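Text of the file upload-v3.txt, holding compact mmCIF, C-alpha atoms:
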```
# COMPACT_ATOMS: atom_id res chain seq x y z
CA MET A 1 -17.49 8.84 -12.86
CA SER A 2 -13.92 7.56 -12.73
CA ARG A 3 -11.98 8.04 -9.50
CA HIS A 4 -8.59 8.65 -11.06
CA GLN A 5 -7.75 11.27 -13.63
CA ILE A 6 -4.89 11.19 -16.11
CA ASP A 7 -2.52 14.11 -16.57
CA PRO A 8 0.66 13.36 -18.54
CA ASN A 9 2.08 16.83 -17.80
CA ASN A 10 3.03 15.63 -14.30
CA TRP A 11 4.25 12.16 -15.16
CA ILE A 12 7.97 12.93 -15.26
CA SER A 13 8.10 14.86 -12.00
CA GLN A 14 5.79 12.49 -10.15
CA TYR A 15 6.65 9.03 -11.40
CA SER A 16 10.02 8.96 -13.17
CA ASP A 17 12.06 8.20 -10.04
CA TYR A 18 9.61 5.58 -8.79
CA LEU A 19 9.51 3.83 -12.16
CA PHE A 20 13.30 4.04 -12.48
CA ASN A 21 13.77 2.47 -9.04
CA TYR A 22 11.25 -0.23 -9.94
CA THR A 23 13.11 -0.97 -13.18
CA ILE A 24 16.69 -0.91 -11.95
CA THR A 25 15.98 -3.51 -9.28
CA ARG A 26 14.84 -5.75 -12.11
CA VAL A 27 17.32 -5.05 -14.90
CA SER A 28 20.41 -3.87 -12.96
CA ASP A 29 21.58 -1.51 -15.70
CA ARG A 30 21.10 2.27 -15.52
CA ALA A 31 21.02 2.87 -19.26
CA ILE A 32 18.54 0.07 -19.95
CA ALA A 33 16.38 1.20 -17.02
CA GLN A 34 16.28 4.75 -18.40
CA ASP A 35 15.30 3.48 -21.84
CA LEU A 36 12.53 1.32 -20.39
CA VAL A 37 11.15 4.19 -18.30
CA SER A 38 11.23 6.49 -21.31
CA GLU A 39 9.48 3.88 -23.48
CA THR A 40 6.87 3.41 -20.74
CA PHE A 41 5.97 7.10 -20.74
CA LEU A 42 5.74 7.15 -24.52
CA ALA A 43 3.60 4.00 -24.54
CA GLY A 44 1.44 5.59 -21.84
CA LEU A 45 0.84 8.59 -24.07
CA LYS A 46 -0.20 6.36 -26.95
CA SER A 47 -2.65 4.37 -24.84
CA MET A 48 -3.95 7.25 -22.73
CA VAL A 49 -7.39 6.83 -24.29
CA ASN A 50 -7.61 3.37 -22.73
CA PHE A 51 -7.13 4.69 -19.19
CA LYS A 52 -10.36 3.95 -17.37
CA GLY A 53 -9.45 5.46 -14.01
CA ASP A 54 -10.03 2.27 -12.05
CA ALA A 55 -6.42 2.25 -10.91
CA SER A 56 -4.15 5.16 -10.08
CA GLU A 57 -1.94 6.67 -12.79
CA ARG A 58 1.13 5.16 -11.11
CA THR A 59 -0.35 1.66 -11.00
CA TRP A 60 -1.37 2.00 -14.64
CA LEU A 61 2.13 3.15 -15.68
CA VAL A 62 3.72 0.32 -13.67
CA SER A 63 1.56 -2.20 -15.53
CA ILE A 64 2.89 -0.80 -18.82
CA LEU A 65 6.43 -0.88 -17.46
CA LYS A 66 6.06 -4.52 -16.43
CA ARG A 67 5.22 -5.41 -20.03
CA LYS A 68 8.26 -3.45 -21.20
CA ILE A 69 10.53 -5.32 -18.78
CA ILE A 70 9.14 -8.69 -19.87
CA ASP A 71 9.65 -7.71 -23.53
CA HIS A 72 13.21 -6.66 -22.72
CA TYR A 73 13.99 -10.05 -21.21
CA ARG A 74 12.28 -11.86 -24.07
CA LYS A 75 14.48 -9.97 -26.52
CA ILE A 76 17.76 -10.64 -24.76
CA ASN A 77 17.00 -14.19 -23.63
CA SER A 78 17.37 -15.84 -27.00
CA LYS A 79 20.76 -14.13 -27.55
CA LYS A 80 21.85 -14.69 -23.95
CA GLY A 81 20.86 -18.36 -23.98
CA ARG A 82 23.00 -19.03 -27.02
CA ALA A 83 25.92 -17.13 -25.55
CA GLU A 84 25.79 -19.10 -22.30
CA VAL A 85 26.06 -22.39 -24.15
CA ARG A 86 29.11 -21.12 -26.01
CA MET A 87 30.72 -19.64 -22.91
CA GLY A 88 29.89 -22.57 -20.58
CA TYR A 89 32.70 -23.15 -18.10
CA SER A 90 32.53 -26.94 -18.37
CA ASN A 91 32.89 -26.83 -22.15
CA TYR A 92 36.57 -26.08 -21.79
CA SER A 93 38.32 -29.42 -21.82
CA ASP A 94 41.50 -27.95 -20.37
CA ALA A 95 39.76 -26.22 -17.43
CA GLU A 96 41.58 -26.82 -14.19
CA GLY A 97 40.62 -26.43 -10.55
CA ASP A 98 37.35 -26.82 -8.71
CA TRP A 99 35.11 -25.48 -11.42
CA LEU A 100 32.04 -27.18 -9.95
CA GLU A 101 32.50 -25.38 -6.64
CA GLU A 102 32.95 -22.09 -8.42
CA LYS A 103 29.66 -22.63 -10.23
CA ILE A 104 27.47 -23.19 -7.17
CA ALA A 105 25.54 -20.35 -5.64
CA ASP A 106 27.42 -17.91 -3.45
CA PRO A 107 26.13 -18.46 0.13
CA PHE A 108 26.62 -14.75 0.84
CA ASP A 109 24.57 -13.77 -2.16
CA LYS A 110 21.17 -12.24 -1.42
CA THR A 111 18.27 -14.68 -1.30
CA ALA A 112 15.05 -14.09 -3.19
CA GLU A 113 13.39 -13.35 0.14
CA ASP A 114 15.92 -10.61 0.95
CA LYS A 115 15.41 -9.07 -2.46
CA LEU A 116 11.63 -9.12 -2.07
CA GLU A 117 11.85 -7.52 1.35
CA ASN A 118 14.22 -4.84 0.07
CA SER A 119 11.99 -4.18 -2.91
CA GLU A 120 8.96 -3.77 -0.60
CA LEU A 121 10.97 -1.48 1.65
CA GLY A 122 11.96 0.54 -1.42
CA ASP A 123 8.28 0.86 -2.37
CA ALA A 124 7.44 1.99 1.18
CA ILE A 125 10.18 4.63 1.01
CA TYR A 126 8.87 5.91 -2.32
CA ASP A 127 5.30 5.98 -1.02
CA CYS A 128 6.50 8.18 1.84
CA LEU A 129 8.60 10.35 -0.48
CA ASP A 130 5.45 10.99 -2.54
CA LYS A 131 3.85 12.57 0.52
CA LEU A 132 6.64 15.12 0.97
CA PRO A 133 6.61 18.57 -0.65
CA GLN A 134 8.40 18.32 -4.00
CA LYS A 135 11.40 20.38 -2.94
CA GLN A 136 12.01 18.28 0.18
CA ALA A 137 11.75 15.06 -1.78
CA GLU A 138 14.12 16.37 -4.43
CA VAL A 139 16.77 17.51 -1.94
CA PHE A 140 16.49 14.28 0.05
CA LYS A 141 16.91 12.17 -3.08
CA MET A 142 19.91 14.18 -4.28
CA LYS A 143 21.62 14.06 -0.91
CA THR A 144 20.69 10.60 0.35
CA ILE A 145 20.06 8.43 -2.68
CA LEU A 146 22.39 9.98 -5.24
CA GLY A 147 24.97 10.96 -2.61
CA TYR A 148 25.66 14.41 -4.09
CA ASP A 149 27.78 16.68 -1.92
CA THR A 150 26.21 19.68 -0.22
CA GLN A 151 27.84 22.27 -2.48
CA THR A 152 26.69 20.56 -5.69
CA ILE A 153 23.08 20.50 -4.50
CA CYS A 154 23.27 24.12 -3.35
CA ASN A 155 24.60 25.19 -6.75
CA GLU A 156 22.09 23.16 -8.68
CA LEU A 157 19.05 24.29 -6.69
CA ASP A 158 20.36 27.75 -5.85
CA ILE A 159 19.95 27.39 -2.08
CA THR A 160 22.30 28.01 0.85
CA ALA A 161 23.89 25.20 2.87
CA SER A 162 21.88 26.11 5.97
CA ASN A 163 18.72 26.08 3.88
CA LEU A 164 19.66 22.64 2.60
CA TRP A 165 20.07 21.25 6.11
CA VAL A 166 16.72 22.67 7.19
CA ILE A 167 15.07 20.97 4.20
CA ILE A 168 16.94 17.72 4.91
CA HIS A 169 15.87 17.86 8.56
CA ARG A 170 12.19 18.31 7.68
CA ALA A 171 12.34 15.58 5.05
CA ARG A 172 14.10 13.11 7.34
CA ALA A 173 11.73 13.75 10.25
CA ALA A 174 8.66 13.28 8.03
CA LEU A 175 10.08 10.19 6.33
CA ALA A 176 11.14 8.55 9.59
CA ASP A 177 7.61 9.04 10.94
CA CYS A 178 5.97 7.81 7.76
CA ILE A 179 8.18 4.74 7.31
CA GLY A 180 8.08 4.06 11.04
CA LYS A 181 4.30 3.71 10.94
CA ASN A 182 4.44 1.12 8.19
CA TRP A 183 7.77 -0.60 8.56
CA PHE A 184 9.93 -0.31 11.71
CA MET B 10 34.16 25.28 32.51
CA LYS B 11 31.48 27.38 30.86
CA LYS B 12 28.19 25.60 30.25
CA SER B 13 27.82 27.05 26.74
CA PHE B 14 31.16 25.58 25.72
CA LEU B 15 29.80 22.03 25.66
CA PHE B 16 26.07 22.59 25.83
CA ILE B 17 24.06 22.44 22.63
CA SER B 18 20.35 22.94 22.20
CA CYS B 19 18.02 20.19 21.08
CA GLU B 20 17.70 21.86 17.67
CA GLU B 21 21.46 22.02 17.24
CA ALA B 22 21.75 18.40 18.31
CA LYS B 23 19.24 17.38 15.63
CA TYR B 24 21.12 19.44 13.06
CA ILE B 25 24.40 17.68 13.95
CA CYS B 26 22.63 14.33 14.00
CA ASP B 27 21.40 14.95 10.42
CA LYS B 28 24.87 16.00 9.28
CA SER B 29 26.45 12.94 10.86
CA GLN B 30 24.16 10.68 8.81
CA TYR B 31 26.09 11.91 5.78
CA GLY B 32 29.50 11.89 7.47
CA GLU B 33 29.57 15.69 7.44
CA ALA B 34 29.70 16.38 11.18
CA SER B 35 33.11 17.31 12.58
CA THR B 36 34.71 15.39 15.45
CA TRP B 37 33.96 18.27 17.80
CA GLU B 38 30.29 18.33 16.72
CA ARG B 39 29.99 14.57 17.19
CA PHE B 40 31.52 14.90 20.65
CA LYS B 41 29.01 17.58 21.65
CA LEU B 42 26.22 15.43 20.23
CA SER B 43 27.30 12.36 22.19
CA LEU B 44 27.33 14.44 25.38
CA ARG B 45 23.78 15.57 24.69
CA LEU B 46 22.71 12.02 23.83
CA SER B 47 23.91 10.87 27.24
CA TRP B 48 21.25 12.83 29.08
CA CYS B 49 18.55 13.99 26.59
CA HIS B 50 15.95 11.36 25.75
CA ILE B 51 14.39 13.54 23.02
CA THR B 52 17.69 13.74 21.15
CA ARG B 53 18.20 10.01 21.72
CA TYR B 54 14.77 9.25 20.26
CA TYR B 55 15.42 11.47 17.23
CA SER B 56 18.86 9.95 16.71
CA ARG B 57 17.49 6.40 16.87
CA LYS B 58 14.81 7.19 14.28
CA ASN B 59 17.35 8.95 12.09
CA ASN B 60 19.71 5.97 12.16
CA LYS B 61 16.86 3.63 11.31
CA LEU B 62 15.97 5.77 8.30
CA THR B 63 19.56 5.71 7.04
CA ASP B 64 19.69 1.93 7.50
CA ALA B 65 16.37 1.50 5.68
CA VAL B 66 17.48 3.57 2.68
CA GLN B 67 20.75 1.66 2.48
CA LYS B 68 19.08 -1.72 2.91
CA ALA B 69 16.44 -1.03 0.27
CA GLU B 70 19.14 0.16 -2.16
CA VAL B 71 16.70 2.71 -3.54
CA ASN B 72 17.67 4.45 -6.73
CA CYS B 73 16.56 7.53 -8.56
CA LEU B 74 17.39 9.38 -11.76
CA LYS B 75 20.23 11.88 -11.89
CA THR B 76 19.24 15.37 -12.98
CA ASP B 77 20.69 14.99 -16.48
CA GLU B 78 19.10 11.57 -16.92
CA ARG B 79 15.70 12.95 -15.97
CA THR B 80 16.16 15.94 -18.27
CA LYS B 81 16.91 13.60 -21.18
CA ILE B 82 13.75 11.56 -20.57
CA LYS B 83 11.74 14.76 -20.05
CA GLU B 84 12.87 16.35 -23.32
CA GLN B 85 12.06 13.21 -25.28
CA PHE B 86 8.68 12.91 -23.58
CA GLU B 87 7.72 16.56 -23.99
CA LYS B 88 8.47 16.42 -27.70
CA GLU B 89 6.04 13.55 -28.02
CA LEU B 90 3.52 15.09 -25.62
CA ALA B 91 3.37 18.26 -27.75
CA LYS B 92 2.04 16.19 -30.66
CA TYR B 93 -0.86 14.99 -28.51
CA GLN B 94 -1.70 18.42 -27.21
CA LYS B 95 -1.95 20.13 -30.60
```
Could the structure of this file be written out as structure tokens, please?
Amino acid sequence: MSRHQIDPNNWISQYSDYLFNYTITRVSDRAIAQDLVSETFLAGLKSMVNFKGDASERTWLVSILKRKIIDHYRKINSKKGRAEVRMGYSNYSDAEGDWLEEKIADPFDKTAEDKLENSELGDAIYDCLDKLPQKQAEVFKMKTILGYDTQTICNELDITASNLWVIIHRARAALADCIGKNWF
Amino acid sequence: MKKSFLFISCEEAKYICDKSQYGEASTWERFKLSLRLSWCHITRYYSRKNNKLTDAVQKAEVNCLKTDERTKIKEQFEKELAKYQK
């Protein structure tokens, strides 16, 4: 008997934010990330029959998403490659100034190692968010990640400000404990 | 000076500490919190953990879908899902 079951009815509420976060760190464009997440869910529906249950639903959806991201880069790379040759800085014969210096890597730019560490930290945060009650996770994400103001969240979720702060307090305490065990 | 004027409970201190993570605590609240932090190790411990969480979320640059973005994906998905559940 397989260990993991598949239930597409919960995919959006359970995995959309995780998949979106996974995608946006790799494509850096909100609209493209949304499209890729949407395509992943639709592809998941089509290939549901192939789900064996060896991996969790999330892992399975991430594997589909990875293919989608690779396909996305394959598609744009041919166009982008051509554009870069045309737009190359050094191709301009009348270019003045220290163009070579401007082309070298920015020393303050994030290194691959930093990015990897941040990506792992992001995964750890999402793993801990998954363990929270749905309402707490939702309020925390709206307040902390999206930066919505208190009134907007209260209006959208039909809760009072004091209720919001109680939810935020519970979410923060649980998250700090959870992340602390694995990260700090 | 009345004790209650400056004294806040541990619960209130945590509440102010949470609000200050989002820049929503007033100057007066932050002052009362700093007084409490000077002598209460429980509040200090909570505050330290709270700051670490804020730093972690900022460092990781985590993202999530806005409500309208999620709704759009959901509508599209549910339309397709309905075909599979017929």
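Those residues that approach A:Met142 to within 10 Å, counting only C-alpha atoms, are Gln136, Ala137, Glu138, Leu146, Gly147, Tyr148, Asp149, Thr150, Thr152 and Ile153 of chain A; Cys73, Leu74, Lys75 and Thr76 of chain B; same-chain residues fewer than 4 positions away are not listed.
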Can you check which parts of chain A lie within 6 Å of chain B? Per residue, the shortest pair of atoms and distance in Å to one decimal, counting all atoms listed in the file, sorted by chain and number, as a Markdown table.
```
| residue | atom | partner | partner_atom | distance |
| --- | --- | --- | --- | --- |
| A:Asp17 | CA | B:Cys73 | CA | 4.8 |
| A:Asn21 | CA | B:Asn72 | CA | 4.9 |
| A:Ser38 | CA | B:Ile82 | CA | 5.7 |
| A:Asn118 | CA | B:Ala69 | CA | 4.4 |
| A:Leu121 | CA | B:Ala69 | CA | 5.7 |
| A:Gly122 | CA | B:Ala69 | CA | 5.0 |
| A:Ala176 | CA | B:Leu62 | CA | 5.7 |
```
Open item on the list: Would you pick out the contacts of B:Cys49 at 12 Å or less, using only C-alpha atoms, so that residues sharing its chain but fewer than 2 positions from it are not included, and give the list as a ChimeraX atom specification?
Closed with: /B:16-20,22-23,42-47,51-56
Open item on the list: Just to confirm, what's the straight-line distance from atom CA of A:Phe41 to atom CA of A:Tyr22 in Å (one decimal)?
Closed with: 14.1 Å
TODO: Work out how far apart atom CA of A:Phe20 and atom CA of A:Leu36 are and give it in Å to one decimal.
DONE: 8.4 Å
Task: d(atom CA of A:Lys75, atom CA of A:Thr25) in Å - done: 18.5 Å
- [ ] Find the residues around A:Gln151 up to 12 Å (all atoms listed in the file counted), leave out those fewer than 2 positions away in its own chain, and share them as a PyMOL selection string.
- [x] chain A and resi 142-143+147-149+153-165
TODO: Give as a PyMOL selection string each residue that has an atom at most 12 Å from (-0.3, 4.7, -20.4) in the file, counting all atoms listed in the file.
DONE: chain A and resi 6-8+11+37-53+55-68
Export of the given selection (C-alpha atoms) as a PDB file, in the coordinates of the input:
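Ended up saving to part.pdb:
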```pdb
ATOM      1  CA  ILE A   6      -4.890  11.190 -16.110  1.00  0.00           C
ATOM      2  CA  ASP A   7      -2.520  14.110 -16.570  1.00  0.00           C
ATOM      3  CA  PRO A   8       0.660  13.360 -18.540  1.00  0.00           C
ATOM      4  CA  TRP A  11       4.250  12.160 -15.160  1.00  0.00           C
ATOM      5  CA  VAL A  37      11.150   4.190 -18.300  1.00  0.00           C
ATOM      6  CA  SER A  38      11.230   6.490 -21.310  1.00  0.00           C
ATOM      7  CA  GLU A  39       9.480   3.880 -23.480  1.00  0.00           C
ATOM      8  CA  THR A  40       6.870   3.410 -20.740  1.00  0.00           C
ATOM      9  CA  PHE A  41       5.970   7.100 -20.740  1.00  0.00           C
ATOM     10  CA  LEU A  42       5.740   7.150 -24.520  1.00  0.00           C
ATOM     11  CA  ALA A  43       3.600   4.000 -24.540  1.00  0.00           C
ATOM     12  CA  GLY A  44       1.440   5.590 -21.840  1.00  0.00           C
ATOM     13  CA  LEU A  45       0.840   8.590 -24.070  1.00  0.00           C
ATOM     14  CA  LYS A  46      -0.200   6.360 -26.950  1.00  0.00           C
ATOM     15  CA  SER A  47      -2.650   4.370 -24.840  1.00  0.00           C
ATOM     16  CA  MET A  48      -3.950   7.250 -22.730  1.00  0.00           C
ATOM     17  CA  VAL A  49      -7.390   6.830 -24.290  1.00  0.00           C
ATOM     18  CA  ASN A  50      -7.610   3.370 -22.730  1.00  0.00           C
ATOM     19  CA  PHE A  51      -7.130   4.690 -19.190  1.00  0.00           C
ATOM     20  CA  LYS A  52     -10.360   3.950 -17.370  1.00  0.00           C
ATOM     21  CA  GLY A  53      -9.450   5.460 -14.010  1.00  0.00           C
ATOM     22  CA  ALA A  55      -6.420   2.250 -10.910  1.00  0.00           C
ATOM     23  CA  SER A  56      -4.150   5.160 -10.080  1.00  0.00           C
ATOM     24  CA  GLU A  57      -1.940   6.670 -12.790  1.00  0.00           C
ATOM     25  CA  ARG A  58       1.130   5.160 -11.110  1.00  0.00           C
ATOM     26  CA  THR A  59      -0.350   1.660 -11.000  1.00  0.00           C
ATOM     27  CA  TRP A  60      -1.370   2.000 -14.640  1.00  0.00           C
ATOM     28  CA  LEU A  61       2.130   3.150 -15.680  1.00  0.00           C
ATOM     29  CA  VAL A  62       3.720   0.320 -13.670  1.00  0.00           C
ATOM     30  CA  SER A  63       1.560  -2.200 -15.530  1.00  0.00           C
ATOM     31  CA  ILE A  64       2.890  -0.800 -18.820  1.00  0.00           C
ATOM     32  CA  LEU A  65       6.430  -0.880 -17.460  1.00  0.00           C
ATOM     33  CA  LYS A  66       6.060  -4.520 -16.430  1.00  0.00           C
ATOM     34  CA  ARG A  67       5.220  -5.410 -20.030  1.00  0.00           C
ATOM     35  CA  LYS A  68       8.260  -3.450 -21.200  1.00  0.00           C
TER      36      LYS A  68
END
```
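Between B:Glu21 and the residues B:Lys41, B:Gln94, B:Asp64, B:Thr36, the shortest atom-to-atom distance, using only C-alpha atoms, involves B:Lys41.
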Open item on the list: Let me make sure I understand: among A:Val27, A:Asp35, A:Leu132, A:Ser119, which one has the smallest atom-to-atom distance to A:Ile76 if we use all atoms listed in the file?
Closed with: A:Val27
Step by step, gather every atom of stretch 49-65 of chain A that the file lists, find the box along x, y and z that holds them, add 8 Å on each side, and finally give centre and edge lengths in Å to one decimal, as JSON.
```
{"center_x": -2.0, "center_y": 2.3, "center_z": -17.2, "size_x": 32.8, "size_y": 25.0, "size_z": 30.2}
```
